[in-house]
Each structure stands twice: as C-alpha cells, then as structure tokens.
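The structure under discussion appears below in the form of structure tokens.
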Amino acid sequence: MSNIHDEPAALKALQDDIYRERVLRARKMTVAERLADVFELSNHQFGLMLAGAMHRLGTRDEDAGWLEVKRWMQRLDRVREIGFYSTEKPTDK
Amino acid sequence: MTLEALAICLIAAVESAGVEFMVVGAVAAGAYGVPHSTRDVDLLISAKVAGGIAAVIGKLDPVVQFDNQIVFDTLTRGRRPVGLSRSTPPFKVELFEMLDDPFVKSEFARRQHVFVPALSRATWLPTPEDVIVQKLRWGRSKDLDDACDVLAVQSPSALDMAYIQNWCMQHGTEKRLQTALAGIPPL
C-alpha cells in the first residue's frame, strides 16, 4: 500500500482539500458562531489535556493532573515566548 | 470555570475599572478565521486611566493570580501582566498595555463593538485587517497560521488589503504577507 507522504503532490492536494473544507465551513459561520466554537474547543481541549496528564502520571488524582497540565503549559510558553518579552523595559522602538 | 466565564469576569473587571480595552490574541483571530482552541484570553488595554492596570488586576484577584514579575512586550514596549485563573482549567490571562506604538493606536481606534451571545454581552474586537497585521508582526508559527486563516476566511477581495499592505511595509512583514496569501489554496 502506498504512503501519501512519499508523494508530495498528492500530499499537498490532500492538505489543500482539508484546509479548503475548514475555510469554507468557517465562512458559513457568523463571528458569534466562530467565537462560540473557540470557547467550546478550548474548554474541551483542557479536558483532553487533563485526561492525558492523568494517564501519563498513572493517577486518578485530578489535582495532580492539573499540576502536570500547568507544567506542560509553562514549558510551551518558554518555547513560544523566547525573545518576545523582557523583564526590563525595552528602549528601542 | 469555562473560558467564556473567565472572559466575562475579565470584561466586567475592565469595564468597572473604566478602562478602555479590546479582546485580542487567539480569541480575536478565531472570530474572523478558523475557530480553534486556545489556552488564554488576551486583552489590549488603554493606559489612559492612571492606575488602570493595577485596578483591573485588583478586581480580578478573586479569579486570576497575576505574576509579581513585571514583563514588557518587546514589540510594543508596553507592560504585559500575566496571570493564571485560580480555578481549573488553568487558563492564562494576558493584559497588554497600549502605549504609543503607532499600529496599536490605529488598531485600537478602529476596534469594533460586537455582541457575543456566548458571553451574553457586547465586547470590543479588532478589525480582521488589524488581526492579520498584528499576527504577521508577531510572526510565530501559530500567528502566521492565524493570519493565513483570517485572510482565507474573510477573503482578500473583501478585506482592505491596502491598509494591510501599508502596515506590513512599515513593519517589514511584506514577505510574511505574501507567504500567507500564497498558502491559501484555490477555494
């Protein structure tokens, strides 16, 4: 069975199809509907992160799971925010 | 606490402190692009009211724990207090202080008052053009994706591309804009 990742043109066509579907769906929505989706997806995402953290720790303790989620978030922030923020007031415009 | 409940608390705190604001970041990008999840609520707030930020932080204290460390945004030079919601999930809250950055001032002057049923209230959002310019300016991978999404969903033919191009020229981000436009497949 062929692997689409070995065929750049086919992979690009598939990626474009998926993206096109997402964009056309979003175009049919109002600002209010899109915002409602942002809230719903965000709440759901944290539920999944908690489940993943508890599974990884091998615990049923939600508090321990949330601590692990916070640790993950801090790691992500450290990676994403390098160079964007400073503890000293920037002087150059 | 859900993200929308936290957003309602934030907006109520800022409004009761008499501080002008608008919602920015991933929530604003999701309003005009492809909705996706986010871990934070970001507000751009005016520095016109003396002590405004401190008042907002004080009002939010029951729901958000802010870091003591003062952090500055290196692009716009404003202060950026960061906090985490005290309840779970640990949503992040970022308050971006509006100083004298010309683009941010323009973005703020053009903000739109939009009723959001999920929040049962109206709130302030940037225009889609300003979301695109700011996301291209930040330029991180997720920001470039957001810019591309807003361009694709709103469509260049319906956007004020001259406004976007003008700010991109001033910010030196024309290449990022061209890349984002090229990344949109025929729809």
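Each chain of the structure tokens is named A, B, ... in the order shown, its residues numbered from 1; ligands are numbered from 1 in display order.
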
What are the DSSP strand (DSSP E or B) residues of segment 7-178 of chain B, as a ChimeraX atom specification? /B:21-24,40-46,64-66,72-73,79,82-85,92-98,112-116,121-125

For chain B, list the residues within 7 Å of chain A, counting only C-alpha atoms, and write the list as a count of residues only. 29

May I have the residues within 10 Å of Lys142 of chain B as a ChimeraX atom specification, using only C-alpha atoms and disregarding those fewer than 5 positions away in the same chain? /A:80 /B:26,135,147-148

Give the helix (DSSP H, G or I) residues of segment 67-132 of chain B, as assigned by DSSP on the backbone, as a list in words. Pro102, Phe103, Val104, Lys105, Ser106, Glu107, Phe108, Ala109, Pro117, Ala118, Leu119, Pro128, Glu129, Asp130, Val131 and Ile132 of chain B

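Contact shell of Ser85 of chain B at 6 Å (only C-alpha atoms; same-chain neighbours under 2 positions omitted): Val63, Val64, Ser87, Pro90 and Phe91 of chain B.
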
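Atom pair atom CA of Arg60 of chain A / atom CA of Asp40 of chain B has a distance of 25.9 Å (rounded to one decimal).
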
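The spacing separating atom CA of Lys92 of chain B from atom CA of Ala50 of chain B amounts to 24.6 Å.
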
Distance of atom CA of Thr173 of chain B from atom CA of Glu107 of chain B, expressed in Å to one decimal place: 16.7 Å

Taking into account only C-alpha atoms, which residue in the set A:Ile82, A:Ala51, A:Ala9, A:Met1 is nearest to Glu68 of chain A? A:Ala51

List as a PyMOL selection string the protein and nucleic acid residues near segment 111-114 of chain B, meaning an atom at most 10 Å away when only C-alpha atoms are counted, but skip any in the same chain fewer than 2 places from it. (chain A and resi 31-32) or (chain B and resi 21-23+106-109+116-117+121-128+130)

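Residues in contact range of Leu10 of chain B, defined as at most 9 Å between only C-alpha atoms, with sequence neighbours fewer than 2 positions away removed, read Ala5, Leu6, Ala7, Ile8, Ala12, Ala13, Val14, Glu15, Val41, Leu43, Val56, Lys59, Leu60 and Val93 of chain B.
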